[in-house]
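Some notes on the structure that comes next.
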Amino acid sequence: PHKQQDLTMGLITRIFIFLVYVIFQALLIPLIYLYCFPPKLFNPRLRLIFSLLLGTVSELPLAIIFVKIISLIVLDLTCGLDAIPLMNQLLYLEYFIMAALIAIFIDSYNNRNAIDRSLRSITKDPIELPTLLHREFWTRFAIPLYRPSGLEVIRNINYATPEELKEHEARSNFFRLDVYRRSSIHTASKRPVFFFIHGGAWQMGNKDTPYPILRSLASDNWIVVSIDYRLAPQDPYPESFIDCKRALRWIKLNIHSYGGDPNFIVVSGDSAGGHLASMVALTPNDVRYQKHFEEIDTSVKGCVPINAVFDLTDRKKFWPWNFPTSFLNRICRISGTAEQHQNFLQENSPIHRIQSDSVPFYVFHGAQDLLVPIEQTTDFVEEYRKICQNPMALCILPGGSHVYHIFSSPRTHYQAKAIEVWLQAL
């Protein structure tokens, strides 16, 4: 009986391992197809799900290949490849999938060319970006869990005043920020500051998202500040925007104690955070958004939005659903339609806040962003260039999904290099 039980358990184990392998294959095939032929989805939740899945495939192809090789070895040791029916056909499919993943990796690597073209519009100085033959590429760009050494993160610093914390006591845990810096930086240093605002559709996300660009810039001697802010719908917009202004106030008043220069701050963010960052950059010293600290200078030196939302009015109908009304009802908790609240939407749209003296922008957008229409980004860039003569750089990243920048991948690290060059040129 014991021998029979062992045989039964062994058979169940082999079947389980084989089923896991088959399911893994079955998931990868449609994702690779969708990477090559991005769908036009009208449901925003489906768009978010597909964006996350596609981001995993587009940014981590080498890691997936490694997992597949390990899975084949485990499958052979437990089941024996020769003993599995139709295994030869499955192996041909395996070779095809691995070849497709290698092609996706090459596509990510080729973002080097897009970054190079973008940098040539910024500086005439030759910029050397790591290639496949560089040691840095394989020790940093191609490692999914890369973390630079010599960094310290000072976490959960309150940026609200005691009065603000008391007023919003139940939500006080959102008024926090982290400071990234090299552990060797002296507090008397005056290093430039990179102020980052996380994305999440104004409703989710937090400062703990492991954005590689934050650690990359901190390792290059920038002082990086990443913030939390109150989220909708419990705290409807523009509360999140006001919190960003409060965080900027803290930076202006306190960052010198951490080795930062309060007179050189560049703001950045992704998705909804890119919208908030653009609004921060385009509304310096607007007293409507800095109640009780009107005297604080809330100007910045530049802005780096990533896959950002620039037009809440959707004046050219780029969104496949009624985004303006959805934003009003869900994010702002304002009833009615977009037509009834055009002034509010315009006042909170970066594309409608551009002035002749607006700060320089370096705009990034993934070419395969399923969530935020890339057309509204190019429209913002064109409008900026019509109104303002300050530098405006645009980089469309081939193969980039809506969430490409949260992964440690060649595409993301090339982007970080480009941001560093642009910041140095300001």
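So you can find residues: chains in the structure tokens are A, B, ... in the order shown, residues in each start at 1, and ligands are numbered from 1 in order.
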Quiz item: So which residues touch range 409-425 of chain A within 8 Å, counting only C-alpha atoms, skipping near sequence neighbours fewer than 3 positions away, as number ranges by chain?
Solution: A: 59-60, 108-109, 111-112, 115, 119, 122-123, 129, 137, 141-144, 212-213, 216-217, 304, 362, 397, 400, 404-406
Put those residues in a file: N, CA and C atoms, as a PDB file, in the first residue's frame.
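Output saved as result34.pdb:
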```pdb
ATOM      1  N   GLU A  59       9.394  43.850 -20.877  1.00  0.00           N
ATOM      2  CA  GLU A  59      10.550  44.319 -20.112  1.00  0.00           C
ATOM      3  C   GLU A  59      11.400  43.197 -19.523  1.00  0.00           C
ATOM      4  N   LEU A  60      10.856  41.997 -19.424  1.00  0.00           N
ATOM      5  CA  LEU A  60      11.597  40.912 -18.768  1.00  0.00           C
ATOM      6  C   LEU A  60      11.734  39.669 -19.653  1.00  0.00           C
ATOM      7  N   SER A 108      13.675  45.864 -27.169  1.00  0.00           N
ATOM      8  CA  SER A 108      13.951  46.694 -25.999  1.00  0.00           C
ATOM      9  C   SER A 108      15.342  47.314 -26.101  1.00  0.00           C
ATOM     10  N   TYR A 109      16.305  46.513 -26.523  1.00  0.00           N
ATOM     11  CA  TYR A 109      17.677  47.016 -26.682  1.00  0.00           C
ATOM     12  C   TYR A 109      17.737  48.129 -27.725  1.00  0.00           C
ATOM     13  N   ASN A 111      15.808  50.416 -28.226  1.00  0.00           N
ATOM     14  CA  ASN A 111      15.407  51.722 -27.708  1.00  0.00           C
ATOM     15  C   ASN A 111      16.615  52.630 -27.550  1.00  0.00           C
ATOM     16  N   ARG A 112      17.775  52.011 -27.520  1.00  0.00           N
ATOM     17  CA  ARG A 112      19.025  52.786 -27.506  1.00  0.00           C
ATOM     18  C   ARG A 112      19.056  53.783 -28.658  1.00  0.00           C
ATOM     19  N   ILE A 115      16.585  56.664 -27.986  1.00  0.00           N
ATOM     20  CA  ILE A 115      17.167  57.541 -26.970  1.00  0.00           C
ATOM     21  C   ILE A 115      18.288  58.385 -27.573  1.00  0.00           C
ATOM     22  N   LEU A 119      18.532  62.411 -27.664  1.00  0.00           N
ATOM     23  CA  LEU A 119      19.617  63.152 -27.027  1.00  0.00           C
ATOM     24  C   LEU A 119      20.305  64.103 -28.013  1.00  0.00           C
ATOM     25  N   ILE A 122      19.024  67.404 -27.855  1.00  0.00           N
ATOM     26  CA  ILE A 122      19.247  68.089 -26.584  1.00  0.00           C
ATOM     27  C   ILE A 122      20.656  68.654 -26.484  1.00  0.00           C
ATOM     28  N   THR A 123      21.639  67.858 -26.876  1.00  0.00           N
ATOM     29  CA  THR A 123      23.035  68.269 -26.732  1.00  0.00           C
ATOM     30  C   THR A 123      23.840  67.856 -27.951  1.00  0.00           C
ATOM     31  N   LEU A 129      26.119  55.493 -25.122  1.00  0.00           N
ATOM     32  CA  LEU A 129      25.174  54.628 -24.434  1.00  0.00           C
ATOM     33  C   LEU A 129      25.682  53.196 -24.480  1.00  0.00           C
ATOM     34  N   PHE A 137      26.119  46.976 -19.433  1.00  0.00           N
ATOM     35  CA  PHE A 137      24.839  46.490 -19.948  1.00  0.00           C
ATOM     36  C   PHE A 137      24.421  45.216 -19.224  1.00  0.00           C
ATOM     37  N   PHE A 141      21.831  46.854 -16.943  1.00  0.00           N
ATOM     38  CA  PHE A 141      20.671  47.014 -17.810  1.00  0.00           C
ATOM     39  C   PHE A 141      19.848  45.736 -17.941  1.00  0.00           C
ATOM     40  N   ALA A 142      20.499  44.591 -17.934  1.00  0.00           N
ATOM     41  CA  ALA A 142      19.813  43.332 -18.219  1.00  0.00           C
ATOM     42  C   ALA A 142      19.441  42.539 -16.970  1.00  0.00           C
ATOM     43  N   ILE A 143      19.628  43.129 -15.795  1.00  0.00           N
ATOM     44  CA  ILE A 143      19.337  42.424 -14.543  1.00  0.00           C
ATOM     45  C   ILE A 143      17.999  42.931 -13.982  1.00  0.00           C
ATOM     46  N   PRO A 144      16.977  42.061 -13.921  1.00  0.00           N
ATOM     47  CA  PRO A 144      15.650  42.517 -13.484  1.00  0.00           C
ATOM     48  C   PRO A 144      15.618  43.086 -12.072  1.00  0.00           C
ATOM     49  N   PRO A 212      13.129  52.152 -11.281  1.00  0.00           N
ATOM     50  CA  PRO A 212      14.598  52.126 -11.444  1.00  0.00           C
ATOM     51  C   PRO A 212      15.214  53.510 -11.644  1.00  0.00           C
ATOM     52  N   ILE A 213      14.466  54.447 -12.286  1.00  0.00           N
ATOM     53  CA  ILE A 213      15.079  55.758 -12.554  1.00  0.00           C
ATOM     54  C   ILE A 213      15.404  56.497 -11.258  1.00  0.00           C
ATOM     55  N   SER A 216      18.670  55.102 -10.082  1.00  0.00           N
ATOM     56  CA  SER A 216      19.709  55.451 -11.048  1.00  0.00           C
ATOM     57  C   SER A 216      20.161  56.899 -10.866  1.00  0.00           C
ATOM     58  N   LEU A 217      19.209  57.810 -10.736  1.00  0.00           N
ATOM     59  CA  LEU A 217      19.562  59.218 -10.544  1.00  0.00           C
ATOM     60  C   LEU A 217      20.230  59.439  -9.191  1.00  0.00           C
ATOM     61  N   VAL A 304       9.690  66.175 -16.215  1.00  0.00           N
ATOM     62  CA  VAL A 304       9.905  64.949 -16.990  1.00  0.00           C
ATOM     63  C   VAL A 304       8.678  64.046 -16.809  1.00  0.00           C
ATOM     64  N   TYR A 362      10.890  67.355 -20.776  1.00  0.00           N
ATOM     65  CA  TYR A 362      11.397  66.185 -21.495  1.00  0.00           C
ATOM     66  C   TYR A 362      10.320  65.119 -21.339  1.00  0.00           C
ATOM     67  N   LEU A 397       9.185  55.701 -27.086  1.00  0.00           N
ATOM     68  CA  LEU A 397       9.970  54.492 -26.892  1.00  0.00           C
ATOM     69  C   LEU A 397       9.299  53.295 -27.565  1.00  0.00           C
ATOM     70  N   GLY A 400       7.385  50.206 -25.799  1.00  0.00           N
ATOM     71  CA  GLY A 400       7.141  50.550 -24.403  1.00  0.00           C
ATOM     72  C   GLY A 400       5.660  50.483 -24.051  1.00  0.00           C
ATOM     73  N   TYR A 404       6.200  50.256 -18.556  1.00  0.00           N
ATOM     74  CA  TYR A 404       7.565  49.785 -18.836  1.00  0.00           C
ATOM     75  C   TYR A 404       8.571  50.291 -17.817  1.00  0.00           C
ATOM     76  N   HIS A 405       8.372  51.494 -17.310  1.00  0.00           N
ATOM     77  CA  HIS A 405       9.373  52.163 -16.486  1.00  0.00           C
ATOM     78  C   HIS A 405       9.441  51.645 -15.047  1.00  0.00           C
ATOM     79  N   ILE A 406       8.528  50.734 -14.653  1.00  0.00           N
ATOM     80  CA  ILE A 406       8.625  50.188 -13.294  1.00  0.00           C
ATOM     81  C   ILE A 406       9.504  48.938 -13.257  1.00  0.00           C
TER      82      ILE A 406
END
```
Self-check item: Backbone DSSP call of alpha helix (DSSP H) for range 188-419 of chain A, listed as a count of residues only
Solution: 69
Exercise. Step one, run DSSP on the backbone; step two, keep only residues of range 68-315 of chain A assigned to strand (DSSP E or B); then write them as a PyMOL selection string.
Key: chain A and resi 151-158+176-182+191-197+223-227+260-270+302-306
Practice problem: For Phe344 in chain A, please output as an NGL selection string all residues within 12 Å (counting only C-alpha atoms; exclusion window: fewer than 4 positions along the same chain). | Solution: :A and (237-238 or 311-313 or 324-325 or 327-328 or 332 or 334 or 337-340 or 348-349 or 352)
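Checking A:Gly366, A:Thr209, A:Asp107, A:Ala26 one by one against Pro61 in chain A, counting only C-alpha atoms, you find the shortest gap at A:Asp107.
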Write out as a CSV table (one decimal) with all heavy atoms, in the first residue's frame which residues come within 10 Å of Pro210 in chain A when counting only C-alpha atoms, dropping same-chain ones fewer than 4 positions away.
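Final file, part01.csv:
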```csv
chain,number,residue,atom,x,y,z
A,145,LEU,N,16.5,42.6,-11.2
A,145,LEU,CA,16.5,43.1,-9.8
A,145,LEU,C,17.7,43.9,-9.5
A,145,LEU,O,18.1,44.0,-8.3
A,145,LEU,CB,16.4,41.8,-8.9
A,145,LEU,CG,15.2,40.9,-9.0
A,145,LEU,CD1,15.3,39.7,-8.1
A,145,LEU,CD2,13.9,41.7,-8.8
A,147,ARG,N,20.0,46.7,-8.3
A,147,ARG,CA,20.0,47.8,-7.3
A,147,ARG,C,21.4,48.3,-7.1
A,147,ARG,O,22.3,47.6,-6.8
A,147,ARG,CB,19.5,47.3,-5.9
A,147,ARG,CG,18.1,46.8,-5.9
A,147,ARG,CD,17.1,47.9,-6.0
A,147,ARG,NE,15.7,47.4,-5.8
A,147,ARG,CZ,14.9,47.0,-6.8
A,147,ARG,NH1,15.4,46.8,-8.0
A,147,ARG,NH2,13.7,46.6,-6.5
A,206,ASN,N,1.7,53.9,-4.6
A,206,ASN,CA,2.4,54.6,-3.5
A,206,ASN,C,3.9,54.8,-3.9
A,206,ASN,O,4.4,54.3,-4.9
A,206,ASN,CB,2.3,53.7,-2.2
A,206,ASN,CG,2.8,52.3,-2.4
A,206,ASN,OD1,4.0,52.1,-2.6
A,206,ASN,ND2,1.9,51.3,-2.2
A,214,LEU,N,14.6,56.2,-10.2
A,214,LEU,CA,14.9,56.9,-8.9
A,214,LEU,C,16.3,56.5,-8.4
A,214,LEU,O,17.1,57.4,-8.0
A,214,LEU,CB,13.8,56.7,-7.9
A,214,LEU,CG,12.4,57.0,-8.3
A,214,LEU,CD1,11.4,56.8,-7.2
A,214,LEU,CD2,12.3,58.4,-9.0
A,215,ARG,N,16.5,55.2,-8.3
A,215,ARG,CA,17.8,54.7,-7.8
A,215,ARG,C,18.9,55.1,-8.8
A,215,ARG,O,20.1,55.4,-8.3
A,215,ARG,CB,17.7,53.2,-7.6
A,215,ARG,CG,16.8,52.8,-6.5
A,215,ARG,CD,16.7,51.3,-6.3
A,215,ARG,NE,16.0,50.9,-5.1
A,215,ARG,CZ,14.7,50.9,-5.0
A,215,ARG,NH1,14.0,51.2,-6.1
A,215,ARG,NH2,14.1,50.6,-3.9
A,405,HIS,N,8.4,51.5,-17.3
A,405,HIS,CA,9.4,52.2,-16.5
A,405,HIS,C,9.4,51.6,-15.0
A,405,HIS,O,10.3,52.1,-14.3
A,405,HIS,CB,9.1,53.7,-16.5
A,405,HIS,CG,7.7,54.0,-16.1
A,405,HIS,ND1,6.7,53.8,-17.1
A,405,HIS,CD2,7.1,54.4,-15.0
A,405,HIS,CE1,5.5,54.2,-16.5
A,405,HIS,NE2,5.7,54.5,-15.2
A,406,ILE,N,8.5,50.7,-14.7
A,406,ILE,CA,8.6,50.2,-13.3
A,406,ILE,C,9.5,48.9,-13.3
A,406,ILE,O,9.8,48.4,-12.2
A,406,ILE,CB,7.2,49.9,-12.7
A,406,ILE,CG1,6.6,48.7,-13.4
A,406,ILE,CG2,6.3,51.1,-12.7
A,406,ILE,CD1,5.3,48.2,-12.7
A,407,PHE,N,9.9,48.5,-14.4
A,407,PHE,CA,10.8,47.3,-14.5
A,407,PHE,C,12.3,47.7,-14.8
A,407,PHE,O,12.5,48.7,-15.4
A,407,PHE,CB,10.4,46.4,-15.7
A,407,PHE,CG,9.0,45.8,-15.5
A,407,PHE,CD1,7.9,46.5,-16.1
A,407,PHE,CD2,8.8,44.6,-14.8
A,407,PHE,CE1,6.6,45.9,-15.9
A,407,PHE,CE2,7.5,44.1,-14.7
A,407,PHE,CZ,6.4,44.7,-15.2
A,408,SER,N,13.2,47.0,-14.2
A,408,SER,CA,14.6,47.2,-14.5
A,408,SER,C,14.9,46.4,-15.8
A,408,SER,O,15.1,45.2,-15.8
A,408,SER,CB,15.5,46.6,-13.3
A,408,SER,OG,16.8,46.8,-13.6
```
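Between CA of Thr161 in chain A and CA of Arg249 in chain A lies a distance of 10.2 Å.
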Self-check item: Pick from A:Leu151, A:Ala103, A:Val280, A:Met87 nearest to Asp220 in chain A, counting only C-alpha atoms
Solution: A:Leu151
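Here the question is which of A:Arg230, A:Gln290, A:Tyr146, A:Thr13 gets nearest to Leu77 in chain A using only C-alpha atoms, and that residue is A:Thr13.
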Exercise. Please provide as a PyMOL selection string all residues within 9 Å of range 171-173 of chain A, with the sequence filter that same-chain residues fewer than 3 positions apart are discarded (counting only C-alpha atoms).
Key: chain A and resi 156+158+160+164-168+176+228-230
Could you give me, as a short mmCIF file (atom, residue, chain, number, x, y, z; two decimals) with all heavy atoms, in the first residue's frame, the residues within 6 Å of range 367-384 of chain A, counting only C-alpha atoms and dropping anything in the same chain fewer than 4 positions from it?
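Contents of the output file part-v8.cif:
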```cif
data_model
loop_
_atom_site.label_atom_id
_atom_site.label_comp_id
_atom_site.auth_asym_id
_atom_site.auth_seq_id
_atom_site.Cartn_x
_atom_site.Cartn_y
_atom_site.Cartn_z
N ARG A 47 -7.77 47.43 -20.23
CA ARG A 47 -6.55 48.09 -20.68
C ARG A 47 -5.48 48.03 -19.60
O ARG A 47 -4.30 47.79 -19.89
CB ARG A 47 -6.84 49.57 -21.04
CG ARG A 47 -7.51 49.76 -22.38
CD ARG A 47 -7.95 51.20 -22.59
NE ARG A 47 -8.28 51.43 -23.98
CZ ARG A 47 -7.54 52.12 -24.83
NH1 ARG A 47 -6.41 52.66 -24.43
NH2 ARG A 47 -7.91 52.28 -26.09
N ILE A 351 -2.19 70.92 -20.85
CA ILE A 351 -2.15 71.49 -22.20
C ILE A 351 -2.78 72.88 -22.23
O ILE A 351 -2.45 73.69 -23.10
CB ILE A 351 -2.85 70.55 -23.21
CG1 ILE A 351 -2.43 70.92 -24.64
CG2 ILE A 351 -4.37 70.58 -23.05
CD1 ILE A 351 -2.82 69.90 -25.68
N CYS A 388 5.56 78.26 -26.31
CA CYS A 388 6.76 78.49 -25.50
C CYS A 388 8.02 78.18 -26.29
O CYS A 388 8.07 77.19 -27.05
CB CYS A 388 6.69 77.62 -24.24
SG CYS A 388 8.07 77.86 -23.10
N ILE A 396 9.60 58.96 -27.98
CA ILE A 396 8.66 57.85 -28.08
C ILE A 396 9.47 56.57 -28.04
O ILE A 396 10.35 56.36 -28.88
CB ILE A 396 7.85 57.93 -29.38
CG1 ILE A 396 7.12 59.28 -29.48
CG2 ILE A 396 6.87 56.77 -29.45
CD1 ILE A 396 6.11 59.52 -28.41
N LEU A 397 9.18 55.70 -27.09
CA LEU A 397 9.97 54.49 -26.89
C LEU A 397 9.30 53.29 -27.57
O LEU A 397 8.23 52.85 -27.12
CB LEU A 397 10.15 54.21 -25.40
CG LEU A 397 10.98 55.27 -24.67
CD1 LEU A 397 10.95 55.04 -23.17
CD2 LEU A 397 12.41 55.28 -25.15
N PRO A 398 9.88 52.76 -28.64
CA PRO A 398 9.29 51.62 -29.35
C PRO A 398 9.09 50.43 -28.42
O PRO A 398 9.99 50.07 -27.66
CB PRO A 398 10.32 51.31 -30.44
CG PRO A 398 11.10 52.57 -30.62
CD PRO A 398 11.14 53.22 -29.27
N GLY A 399 7.90 49.84 -28.47
CA GLY A 399 7.63 48.66 -27.66
C GLY A 399 7.30 48.95 -26.21
O GLY A 399 6.97 48.03 -25.45
N GLY A 400 7.39 50.21 -25.80
CA GLY A 400 7.14 50.55 -24.40
C GLY A 400 5.66 50.48 -24.05
O GLY A 400 4.83 51.09 -24.73
N SER A 401 5.33 49.78 -22.99
CA SER A 401 3.94 49.69 -22.52
C SER A 401 3.66 50.86 -21.57
O SER A 401 4.53 51.71 -21.36
CB SER A 401 3.71 48.36 -21.81
OG SER A 401 4.42 48.34 -20.57
N HIS A 402 2.49 50.84 -20.97
CA HIS A 402 2.16 51.92 -20.03
C HIS A 402 2.99 51.84 -18.76
O HIS A 402 3.21 52.85 -18.09
CB HIS A 402 0.67 51.88 -19.68
CG HIS A 402 0.22 53.02 -18.84
ND1 HIS A 402 0.14 54.32 -19.31
CD2 HIS A 402 -0.16 53.09 -17.53
CE1 HIS A 402 -0.27 55.12 -18.35
NE2 HIS A 402 -0.45 54.41 -17.26
#
```
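With distances restricted to only C-alpha atoms, A:Asp208 is the closest residue to Arg155 in chain A from A:Glu169, A:Glu94, A:Asp208, A:Asp116.
Checking A:Pro284, A:Arg14, A:Trp250, A:Lys124 one by one against Asp76 in chain A, counting only C-alpha atoms, you find the shortest gap at A:Arg14.
CA of Pro44 in chain A is found 9.5 Å from CA of Phe323 in chain A.
Our summary of the geometry notes that CA of Pro350 in chain A is positioned 11.6 Å from CA of Cys303 in chain A.
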Quiz item: If we count only C-alpha atoms, what is near Val359 in chain A at a cut-off of 9 Å, once residues fewer than 4 positions away on the same chain are taken out, given as a list of chain:residue names?
Solution: A:Ala281, A:Leu282, A:Ser299, A:Val300, A:Lys301, A:Gly302, A:Cys303, A:Gln355, A:Cys388, A:Asn390, A:Pro391, A:Met392
Please produce a file of those selected residues containing all heavy atoms, as a PDB file, in the first residue's frame.
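Written output follows (selection11.pdb):
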```
ATOM      1  N   ALA A 281       4.587  71.846 -12.481  1.00  0.00           N
ATOM      2  CA  ALA A 281       5.546  72.620 -13.265  1.00  0.00           C
ATOM      3  C   ALA A 281       4.907  73.834 -13.937  1.00  0.00           C
ATOM      4  O   ALA A 281       5.568  74.864 -14.124  1.00  0.00           O
ATOM      5  CB  ALA A 281       6.189  71.726 -14.327  1.00  0.00           C
ATOM      6  N   LEU A 282       3.617  73.726 -14.294  1.00  0.00           N
ATOM      7  CA  LEU A 282       2.962  74.772 -15.086  1.00  0.00           C
ATOM      8  C   LEU A 282       2.127  75.738 -14.255  1.00  0.00           C
ATOM      9  O   LEU A 282       1.522  76.662 -14.813  1.00  0.00           O
ATOM     10  CB  LEU A 282       2.075  74.119 -16.158  1.00  0.00           C
ATOM     11  CG  LEU A 282       2.828  73.320 -17.236  1.00  0.00           C
ATOM     12  CD1 LEU A 282       1.853  72.507 -18.073  1.00  0.00           C
ATOM     13  CD2 LEU A 282       3.655  74.238 -18.120  1.00  0.00           C
ATOM     14  N   SER A 299       8.003  77.227  -7.741  1.00  0.00           N
ATOM     15  CA  SER A 299       8.473  77.030  -9.115  1.00  0.00           C
ATOM     16  C   SER A 299       9.531  75.924  -9.143  1.00  0.00           C
ATOM     17  O   SER A 299      10.172  75.620  -8.132  1.00  0.00           O
ATOM     18  CB  SER A 299       9.067  78.326  -9.661  1.00  0.00           C
ATOM     19  OG  SER A 299      10.214  78.711  -8.915  1.00  0.00           O
ATOM     20  N   VAL A 300       9.687  75.307 -10.301  1.00  0.00           N
ATOM     21  CA  VAL A 300      10.698  74.271 -10.512  1.00  0.00           C
ATOM     22  C   VAL A 300      11.491  74.611 -11.774  1.00  0.00           C
ATOM     23  O   VAL A 300      11.146  75.536 -12.512  1.00  0.00           O
ATOM     24  CB  VAL A 300      10.054  72.871 -10.640  1.00  0.00           C
ATOM     25  CG1 VAL A 300       9.373  72.469  -9.340  1.00  0.00           C
ATOM     26  CG2 VAL A 300       9.065  72.819 -11.804  1.00  0.00           C
ATOM     27  N   LYS A 301      12.556  73.860 -12.012  1.00  0.00           N
ATOM     28  CA  LYS A 301      13.429  74.143 -13.159  1.00  0.00           C
ATOM     29  C   LYS A 301      13.040  73.381 -14.424  1.00  0.00           C
ATOM     30  O   LYS A 301      13.434  73.768 -15.527  1.00  0.00           O
ATOM     31  CB  LYS A 301      14.878  73.797 -12.798  1.00  0.00           C
ATOM     32  CG  LYS A 301      15.490  74.678 -11.725  1.00  0.00           C
ATOM     33  CD  LYS A 301      15.603  76.110 -12.185  1.00  0.00           C
ATOM     34  CE  LYS A 301      16.305  76.958 -11.124  1.00  0.00           C
ATOM     35  NZ  LYS A 301      16.372  78.392 -11.527  1.00  0.00           N
ATOM     36  N   GLY A 302      12.296  72.288 -14.277  1.00  0.00           N
ATOM     37  CA  GLY A 302      11.939  71.493 -15.440  1.00  0.00           C
ATOM     38  C   GLY A 302      10.989  70.383 -15.056  1.00  0.00           C
ATOM     39  O   GLY A 302      10.686  70.172 -13.874  1.00  0.00           O
ATOM     40  N   CYS A 303      10.516  69.640 -16.069  1.00  0.00           N
ATOM     41  CA  CYS A 303       9.536  68.581 -15.832  1.00  0.00           C
ATOM     42  C   CYS A 303       9.811  67.404 -16.762  1.00  0.00           C
ATOM     43  O   CYS A 303      10.119  67.596 -17.957  1.00  0.00           O
ATOM     44  CB  CYS A 303       8.127  69.124 -16.066  1.00  0.00           C
ATOM     45  SG  CYS A 303       6.810  67.938 -15.685  1.00  0.00           S
ATOM     46  N   GLN A 355       2.390  78.450 -20.793  1.00  0.00           N
ATOM     47  CA  GLN A 355       2.634  79.881 -20.946  1.00  0.00           C
ATOM     48  C   GLN A 355       3.917  80.088 -21.750  1.00  0.00           C
ATOM     49  O   GLN A 355       4.693  79.157 -21.958  1.00  0.00           O
ATOM     50  CB  GLN A 355       2.758  80.557 -19.578  1.00  0.00           C
ATOM     51  CG  GLN A 355       1.558  80.361 -18.674  1.00  0.00           C
ATOM     52  CD  GLN A 355       0.310  81.058 -19.182  1.00  0.00           C
ATOM     53  OE1 GLN A 355       0.402  82.142 -19.783  1.00  0.00           O
ATOM     54  NE2 GLN A 355      -0.851  80.446 -18.963  1.00  0.00           N
ATOM     55  N   CYS A 388       5.565  78.259 -26.311  1.00  0.00           N
ATOM     56  CA  CYS A 388       6.762  78.491 -25.502  1.00  0.00           C
ATOM     57  C   CYS A 388       8.024  78.175 -26.290  1.00  0.00           C
ATOM     58  O   CYS A 388       8.069  77.194 -27.053  1.00  0.00           O
ATOM     59  CB  CYS A 388       6.691  77.623 -24.236  1.00  0.00           C
ATOM     60  SG  CYS A 388       8.071  77.862 -23.102  1.00  0.00           S
ATOM     61  N   ASN A 390      11.006  77.690 -24.763  1.00  0.00           N
ATOM     62  CA  ASN A 390      11.944  76.925 -23.948  1.00  0.00           C
ATOM     63  C   ASN A 390      12.088  75.498 -24.488  1.00  0.00           C
ATOM     64  O   ASN A 390      11.232  75.023 -25.241  1.00  0.00           O
ATOM     65  CB  ASN A 390      11.487  76.894 -22.487  1.00  0.00           C
ATOM     66  CG  ASN A 390      11.861  78.163 -21.744  1.00  0.00           C
ATOM     67  OD1 ASN A 390      12.880  78.789 -22.046  1.00  0.00           O
ATOM     68  ND2 ASN A 390      11.039  78.559 -20.781  1.00  0.00           N
ATOM     69  N   PRO A 391      13.163  74.813 -24.124  1.00  0.00           N
ATOM     70  CA  PRO A 391      13.401  73.471 -24.674  1.00  0.00           C
ATOM     71  C   PRO A 391      12.262  72.491 -24.372  1.00  0.00           C
ATOM     72  O   PRO A 391      11.776  72.409 -23.250  1.00  0.00           O
ATOM     73  CB  PRO A 391      14.693  73.033 -23.984  1.00  0.00           C
ATOM     74  CG  PRO A 391      15.383  74.300 -23.615  1.00  0.00           C
ATOM     75  CD  PRO A 391      14.289  75.265 -23.277  1.00  0.00           C
ATOM     76  N   MET A 392      11.858  71.785 -25.403  1.00  0.00           N
ATOM     77  CA  MET A 392      10.873  70.713 -25.292  1.00  0.00           C
ATOM     78  C   MET A 392      11.416  69.511 -26.052  1.00  0.00           C
ATOM     79  O   MET A 392      11.622  69.568 -27.269  1.00  0.00           O
ATOM     80  CB  MET A 392       9.519  71.135 -25.863  1.00  0.00           C
ATOM     81  CG  MET A 392       8.583  69.976 -26.232  1.00  0.00           C
ATOM     82  SD  MET A 392       8.109  68.909 -24.844  1.00  0.00           S
ATOM     83  CE  MET A 392       6.824  69.888 -24.081  1.00  0.00           C
TER      84      MET A 392
END
```
